[in-house]
Amino acid sequence: MSAAPGAAASAPSSISMRGVGKTFRRAKSSTGVEALRDITLDIEPNTFVSLVGPSGCGKTTLLRMLNGLIAPDRGEILVGGARPAPGPHMGFVFQSFRLLPWRTIRENVAFPVELSGMNTAERRDRADTYLDMVGLRRFADSYPTELSGGMKQRAALARALIAQPRYLLMDEPFAALDAQTREFMQIELAKIWSHHKSIVVFVTHSVDEAVLLSDRIVLLRPRPGQVAEVIDVKLPHPRWEYDARATPEFVEMRHYLWERIKDMVASDPESEFYQRSDRTDGNTSAAD
Ligand SMILES: Nc1ncnc2c1ncn2[C@@H]1O[C@H](COP(=O)(O)OP(=O)(O)OP(=O)(O)O)[C@@H](O)[C@H]1O
Ligand SMILES: [Mg+2]
């Protein structure tokens, strides 16, 4: 159910988008880039939603609008019944870790609650709780340069969670990790989410990752970005307790999504893969 326009901040923690559009104007040009058109979508509380779609279909733009970093120029977005604005109720995890190199891992993780005025002892305790959660307590006094990529990303996740946000927005958070660390991080995130229920909006290029983690997958098509399809993932939770990837439902859904994305890319004249065959027989033809 979507929240009513102008409802109080205590409204249910849902996200509602109605006819949302965004065009980026180009400097010294009369034309703009229409990044998103007519996005209408409701996200219920305690739902893990992934946004997938070809490069340039507006995933990051949508996430930045949900965080209030940029405003839509058409339609309306309501987060918990109010217009989106950054704050402690919003956690944001980027592809790059964005840790402050001169601060220890504990100080990095504690940063959001420091901004909200929490006292030193409480901050430290809270940071250690979240460092425990992501398995980094031993590294609390280390500096970011002393950590591996996977460890840095776990610290960034702890930092996003420390203020106990009702909305967690993640933009390709695991893209820079090696395949093995990525799979462990997916399990960690699923476990954290099972305790710390909130809305997660997760952007990924990995169809596999989207199916594994999500309750719903929003498939976007590019130029301009529009919702092509919303798919419910009905695989039972917790998915780390069985080999979800081996189930027929998983295999079928991954195949379906991948085929749709491939078709979108192959039929997009602005894509470098326009009209290329996806066959592996070497019989590919580039667009002229
Ligand atoms: N600040 C900006 N100024 C101008 N154009 C922009 C800006 N941000 C995004 N765009 C354009 O809007 C479209 C959507 O970009 P966006 O970054 O949201 O896509 P994306 O789906 O996140 O892509 P990717 O999967 O490659 O990260 C693109 O055509 C992009 O060039
Ligand atoms: Mg992006």
# chains A, B, ... in the order shown; residues from 1 in each chain; ligands from 1
call {"tool": "closest_atom_pairs", "arguments": {"of": "chain A", "to": "ligand 1", "cutoff": "12 Å", "atoms": "only C-alpha atoms and all ligand atoms", "output": "tab-separated table"}}
result
residue	atom	partner	partner_atom_place_in_ligand_line	distance
A:Gly21	CA	ligand 1	12 (O)	11.2
A:Lys22	CA	ligand 1	12 (O)	8.4
A:Thr23	CA	ligand 1	12 (O)	7.6
A:Phe24	CA	ligand 1	4 (C)	4.8
A:Arg25	CA	ligand 1	4 (C)	6.5
A:Arg26	CA	ligand 1	4 (C)	6.4
A:Ala27	CA	ligand 1	4 (C)	9.0
A:Ser29	CA	ligand 1	4 (C)	11.5
A:Thr31	CA	ligand 1	4 (C)	11.0
A:Gly32	CA	ligand 1	4 (C)	7.8
A:Val33	CA	ligand 1	5 (N)	5.9
A:Glu34	CA	ligand 1	12 (O)	6.7
A:Ala35	CA	ligand 1	12 (O)	4.2
A:Leu36	CA	ligand 1	14 (C)	7.3
A:Arg37	CA	ligand 1	14 (C)	11.0
A:Leu51	CA	ligand 1	21 (O)	8.8
A:Val52	CA	ligand 1	21 (O)	7.9
A:Gly53	CA	ligand 1	21 (O)	6.7
A:Pro54	CA	ligand 1	25 (O)	6.0
A:Ser55	CA	ligand 1	25 (O)	3.4
A:Gly56	CA	ligand 1	19 (O)	3.5
A:Cys57	CA	ligand 1	21 (O)	4.0
A:Gly58	CA	ligand 1	18 (O)	3.2
A:Lys59	CA	ligand 1	21 (O)	3.8
A:Thr60	CA	ligand 1	22 (O)	3.7
A:Thr61	CA	ligand 1	18 (O)	3.7
A:Leu62	CA	ligand 1	18 (O)	6.5
A:Leu63	CA	ligand 1	18 (O)	8.1
A:Arg64	CA	ligand 1	18 (O)	8.4
A:Met65	CA	ligand 1	18 (O)	9.9
A:Leu69	CA	ligand 1	1 (N)	11.0
A:Ile70	CA	ligand 1	1 (N)	9.2
A:Ala71	CA	ligand 1	1 (N)	11.7
A:Phe94	CA	ligand 1	27 (O)	11.0
A:Gln95	CA	ligand 1	27 (O)	9.8
A:Met170	CA	ligand 1	22 (O)	11.4
A:Asp171	CA	ligand 1	22 (O)	8.1
A:Glu172	CA	ligand 1	27 (O)	8.1
A:Pro173	CA	ligand 1	27 (O)	11.5
A:Ala175	CA	ligand 1	27 (O)	10.8
A:Phe202	CA	ligand 1	22 (O)	11.4
A:Val203	CA	ligand 1	22 (O)	8.0
A:Thr204	CA	ligand 1	25 (O)	7.8
A:His205	CA	ligand 1	25 (O)	6.7
A:Ser206	CA	ligand 1	25 (O)	10.5
A:Leu219	CA	ligand 1	21 (O)	10.7
A:Leu220	CA	ligand 1	21 (O)	8.3
A:Arg221	CA	ligand 1	21 (O)	9.1
A:Pro222	CA	ligand 1	21 (O)	7.8
A:Arg223	CA	ligand 1	29 (O)	7.2
A:Pro224	CA	ligand 1	13 (C)	7.8
A:Gly225	CA	ligand 1	14 (C)	7.3
A:Gln226	CA	ligand 1	21 (O)	10.7
A:Val227	CA	ligand 1	21 (O)	12.0
A:Ile261	CA	ligand 1	25 (O)	11.8
A:Val265	CA	ligand 1	25 (O)	11.9
A:Glu270	CA	ligand 1	29 (O)	10.0
A:Ser271	CA	ligand 1	29 (O)	11.0
call {"tool": "residues_around", "arguments": {"residues": "Arg137 in chain A", "least_positions_apart": "6", "cutoff": "12 Å", "atoms": "only C-alpha atoms", "output": "ChimeraX atom specification"}}
result
/A:104-106,109,124-131,151,154-155,158
call {"tool": "atom_distance", "arguments": {"atom1": "CA of Ile192 in chain A", "atom2": "CA of Pro165 in chain A"}}
result
12.6 Å
call {"tool": "atom_distance", "arguments": {"atom1": "CA of Ser14 in chain A", "atom2": "CA of Asp232 in chain A"}}
result
17.1 Å
call {"tool": "select_by_dssp", "arguments": {"residues": "range 92-277 of chain A", "states": "alpha helix (DSSP H)", "output": "ChimeraX atom specification"}}
result
/A:105-115,120-133,149-161,179-195,207-213,248-266
call {"tool": "write_last_selection", "arguments": {"atoms": "C-alpha atoms", "output": "CSV table (one decimal), in the first residue's frame"}}
result
chain,number,residue,atom,x,y,z
A,105,ILE,CA,37.9,1.3,11.0
A,106,ARG,CA,35.9,1.9,14.2
A,107,GLU,CA,36.0,5.7,13.7
A,108,ASN,CA,34.8,5.2,10.1
A,109,VAL,CA,32.0,3.0,11.2
A,110,ALA,CA,31.0,5.4,14.0
A,111,PHE,CA,30.9,8.4,11.7
A,112,PRO,CA,27.1,8.6,11.0
A,113,VAL,CA,26.3,8.4,14.8
A,114,GLU,CA,29.0,10.9,15.5
A,115,LEU,CA,27.2,13.3,13.2
A,120,THR,CA,32.0,8.8,22.6
A,121,ALA,CA,31.5,5.7,24.8
A,122,GLU,CA,28.1,4.9,23.3
A,123,ARG,CA,29.5,5.4,19.8
A,124,ARG,CA,32.3,3.1,20.5
A,125,ASP,CA,30.0,0.4,21.8
A,126,ARG,CA,27.7,0.7,18.9
A,127,ALA,CA,30.5,0.6,16.4
A,128,ASP,CA,31.9,-2.5,18.0
A,129,THR,CA,28.5,-4.2,17.8
A,130,TYR,CA,28.3,-3.6,14.1
A,131,LEU,CA,31.9,-4.5,13.5
A,132,ASP,CA,31.1,-7.8,15.3
A,133,MET,CA,28.2,-8.3,13.0
A,149,GLY,CA,38.8,-5.1,-0.5
A,150,GLY,CA,36.2,-7.5,1.0
A,151,MET,CA,37.0,-6.2,4.5
A,152,LYS,CA,36.7,-2.6,3.4
A,153,GLN,CA,33.3,-3.3,1.9
A,154,ARG,CA,32.2,-5.0,5.1
A,155,ALA,CA,33.3,-1.9,7.1
A,156,ALA,CA,31.3,0.2,4.6
A,157,LEU,CA,28.3,-2.0,5.3
A,158,ALA,CA,28.7,-1.6,9.1
A,159,ARG,CA,28.9,2.1,8.6
A,160,ALA,CA,25.7,2.1,6.6
A,161,LEU,CA,23.9,0.1,9.3
A,179,ALA,CA,33.9,-13.9,-6.9
A,180,GLN,CA,34.5,-15.8,-3.6
A,181,THR,CA,34.4,-12.8,-1.3
A,182,ARG,CA,31.3,-11.6,-3.2
A,183,GLU,CA,29.5,-14.9,-2.4
A,184,PHE,CA,30.4,-14.6,1.3
A,185,MET,CA,29.2,-11.0,1.3
A,186,GLN,CA,25.9,-11.9,-0.2
A,187,ILE,CA,25.4,-14.4,2.6
A,188,GLU,CA,26.4,-11.8,5.2
A,189,LEU,CA,24.0,-9.3,3.8
A,190,ALA,CA,21.2,-11.8,3.7
A,191,LYS,CA,21.9,-12.7,7.3
A,192,ILE,CA,22.1,-9.1,8.5
A,193,TRP,CA,18.9,-8.3,6.6
A,194,SER,CA,17.1,-11.2,8.3
A,195,HIS,CA,17.8,-9.6,11.7
A,207,VAL,CA,21.3,-11.4,-12.3
A,208,ASP,CA,22.5,-14.2,-10.1
A,209,GLU,CA,23.0,-11.9,-7.1
A,210,ALA,CA,19.6,-10.3,-7.7
A,211,VAL,CA,17.7,-13.6,-7.7
A,212,LEU,CA,19.6,-14.9,-4.7
A,213,LEU,CA,18.9,-11.9,-2.5
A,248,PRO,CA,14.9,-25.1,-10.8
A,249,GLU,CA,13.1,-21.8,-9.9
A,250,PHE,CA,16.4,-20.0,-9.5
A,251,VAL,CA,17.9,-21.4,-12.7
A,252,GLU,CA,14.7,-20.5,-14.7
A,253,MET,CA,14.5,-17.0,-13.3
A,254,ARG,CA,18.2,-16.2,-13.9
A,255,HIS,CA,17.9,-17.5,-17.4
A,256,TYR,CA,14.7,-15.5,-18.1
A,257,LEU,CA,16.2,-12.2,-16.7
A,258,TRP,CA,19.5,-12.6,-18.6
A,259,GLU,CA,17.7,-13.3,-21.9
A,260,ARG,CA,15.6,-10.2,-21.4
A,261,ILE,CA,18.6,-8.0,-20.6
A,262,LYS,CA,20.5,-9.4,-23.6
A,263,ASP,CA,17.6,-8.6,-25.9
A,264,MET,CA,17.4,-5.1,-24.6
A,265,VAL,CA,21.1,-4.5,-25.1
A,266,ALA,CA,21.1,-6.1,-28.6
call {"tool": "select_by_dssp", "arguments": {"residues": "range 176-230 of chain A", "states": "strand (DSSP E or B)", "output": "compact mmCIF listing (two decimals) with N, CA and C atoms, in the first residue's frame"}}
result
# COMPACT_ATOMS: atom_id res chain seq x y z
N ILE A 199 13.75 -1.77 4.41
CA ILE A 199 13.67 -1.84 2.95
C ILE A 199 15.09 -1.77 2.43
N VAL A 200 15.48 -2.72 1.60
CA VAL A 200 16.76 -2.63 0.91
C VAL A 200 16.46 -2.43 -0.57
N VAL A 201 17.07 -1.40 -1.16
CA VAL A 201 17.01 -1.24 -2.61
C VAL A 201 18.43 -1.43 -3.11
N PHE A 202 18.60 -2.48 -3.89
CA PHE A 202 19.93 -3.00 -4.20
C PHE A 202 20.12 -2.97 -5.72
N VAL A 203 21.11 -2.24 -6.17
CA VAL A 203 21.39 -2.18 -7.61
C VAL A 203 22.51 -3.16 -7.93
N ARG A 216 11.80 -9.07 -4.55
CA ARG A 216 11.27 -8.60 -5.83
C ARG A 216 12.41 -8.05 -6.67
N ILE A 217 12.30 -8.26 -7.97
CA ILE A 217 13.29 -7.72 -8.89
C ILE A 217 12.59 -6.77 -9.85
N VAL A 218 13.11 -5.55 -9.95
CA VAL A 218 12.57 -4.58 -10.88
C VAL A 218 13.51 -4.52 -12.08
N LEU A 219 12.99 -4.94 -13.21
CA LEU A 219 13.79 -4.93 -14.44
C LEU A 219 13.52 -3.62 -15.17
N LEU A 220 14.59 -2.84 -15.40
CA LEU A 220 14.44 -1.56 -16.09
C LEU A 220 14.95 -1.69 -17.51
N ARG A 221 14.27 -0.99 -18.42
CA ARG A 221 14.77 -0.94 -19.81
C ARG A 221 15.31 0.47 -20.06
N GLY A 225 14.94 5.23 -19.18
CA GLY A 225 14.74 4.16 -18.21
C GLY A 225 13.28 4.05 -17.81
N GLN A 226 12.75 2.85 -17.98
CA GLN A 226 11.35 2.59 -17.62
C GLN A 226 11.26 1.21 -16.98
N VAL A 227 10.21 1.00 -16.19
CA VAL A 227 10.04 -0.33 -15.60
C VAL A 227 9.54 -1.27 -16.70
N ALA A 228 10.32 -2.32 -16.96
CA ALA A 228 9.90 -3.29 -17.96
C ALA A 228 9.06 -4.37 -17.31
N GLU A 229 9.44 -4.75 -16.08
CA GLU A 229 8.75 -5.85 -15.42
C GLU A 229 9.13 -5.89 -13.95
N VAL A 230 8.20 -6.30 -13.10
CA VAL A 230 8.50 -6.52 -11.68
C VAL A 230 8.25 -8.00 -11.41
call {"tool": "closest_residue", "arguments": {"among": "A:Arg83, A:Phe92, A:Arg18, A:Pro236", "to": "Ala163 in chain A", "atoms": "only C-alpha atoms"}}
result
A:Phe92
call {"tool": "atom_distance", "arguments": {"atom1": "CA of His237 in chain A", "atom2": "CA of Ile162 in chain A"}}
result
24.2 Å
call {"tool": "decode", "arguments": {"residues": "range 146-209 of chain A", "atoms": "C-alpha atoms", "output": "CSV table (one decimal), in the first residue's frame"}}
result
chain,number,residue,atom,x,y,z
A,146,GLU,CA,45.5,-2.3,6.1
A,147,LEU,CA,42.3,-4.1,5.0
A,148,SER,CA,41.5,-6.2,1.9
A,149,GLY,CA,38.8,-5.1,-0.5
A,150,GLY,CA,36.2,-7.5,1.0
A,151,MET,CA,37.0,-6.2,4.5
A,152,LYS,CA,36.7,-2.6,3.4
A,153,GLN,CA,33.3,-3.3,1.9
A,154,ARG,CA,32.2,-5.0,5.1
A,155,ALA,CA,33.3,-1.9,7.1
A,156,ALA,CA,31.3,0.2,4.6
A,157,LEU,CA,28.3,-2.0,5.3
A,158,ALA,CA,28.7,-1.6,9.1
A,159,ARG,CA,28.9,2.1,8.6
A,160,ALA,CA,25.7,2.1,6.6
A,161,LEU,CA,23.9,0.1,9.3
A,162,ILE,CA,25.1,1.8,12.4
A,163,ALA,CA,22.3,4.4,12.5
A,164,GLN,CA,19.8,1.5,12.1
A,165,PRO,CA,18.4,3.0,8.9
A,166,ARG,CA,14.9,2.1,7.8
A,167,TYR,CA,16.1,2.2,4.2
A,168,LEU,CA,19.3,0.8,2.9
A,169,LEU,CA,20.2,1.8,-0.6
A,170,MET,CA,23.1,-0.1,-2.2
A,171,ASP,CA,24.6,0.7,-5.6
A,172,GLU,CA,26.6,-2.3,-6.9
A,173,PRO,CA,28.2,-2.8,-3.5
A,174,PHE,CA,29.9,-6.0,-4.3
A,175,ALA,CA,31.0,-5.3,-7.9
A,176,ALA,CA,34.7,-4.7,-6.9
A,177,LEU,CA,35.1,-7.9,-5.0
A,178,ASP,CA,36.5,-11.2,-6.2
A,179,ALA,CA,33.9,-13.9,-6.9
A,180,GLN,CA,34.5,-15.8,-3.6
A,181,THR,CA,34.4,-12.8,-1.3
A,182,ARG,CA,31.3,-11.6,-3.2
A,183,GLU,CA,29.5,-14.9,-2.4
A,184,PHE,CA,30.4,-14.6,1.3
A,185,MET,CA,29.2,-11.0,1.3
A,186,GLN,CA,25.9,-11.9,-0.2
A,187,ILE,CA,25.4,-14.4,2.6
A,188,GLU,CA,26.4,-11.8,5.2
A,189,LEU,CA,24.0,-9.3,3.8
A,190,ALA,CA,21.2,-11.8,3.7
A,191,LYS,CA,21.9,-12.7,7.3
A,192,ILE,CA,22.1,-9.1,8.5
A,193,TRP,CA,18.9,-8.3,6.6
A,194,SER,CA,17.1,-11.2,8.3
A,195,HIS,CA,17.8,-9.6,11.7
A,196,HIS,CA,17.6,-5.9,10.7
A,197,LYS,CA,14.5,-5.9,8.7
A,198,SER,CA,14.2,-2.8,6.6
A,199,ILE,CA,13.7,-1.8,3.0
A,200,VAL,CA,16.8,-2.6,0.9
A,201,VAL,CA,17.0,-1.2,-2.6
A,202,PHE,CA,19.9,-3.0,-4.2
A,203,VAL,CA,21.4,-2.2,-7.6
A,204,THR,CA,23.3,-4.9,-9.3
A,205,HIS,CA,24.5,-6.0,-12.8
A,206,SER,CA,24.5,-9.6,-11.5
A,207,VAL,CA,21.3,-11.4,-12.3
A,208,ASP,CA,22.5,-14.2,-10.1
A,209,GLU,CA,23.0,-11.9,-7.1
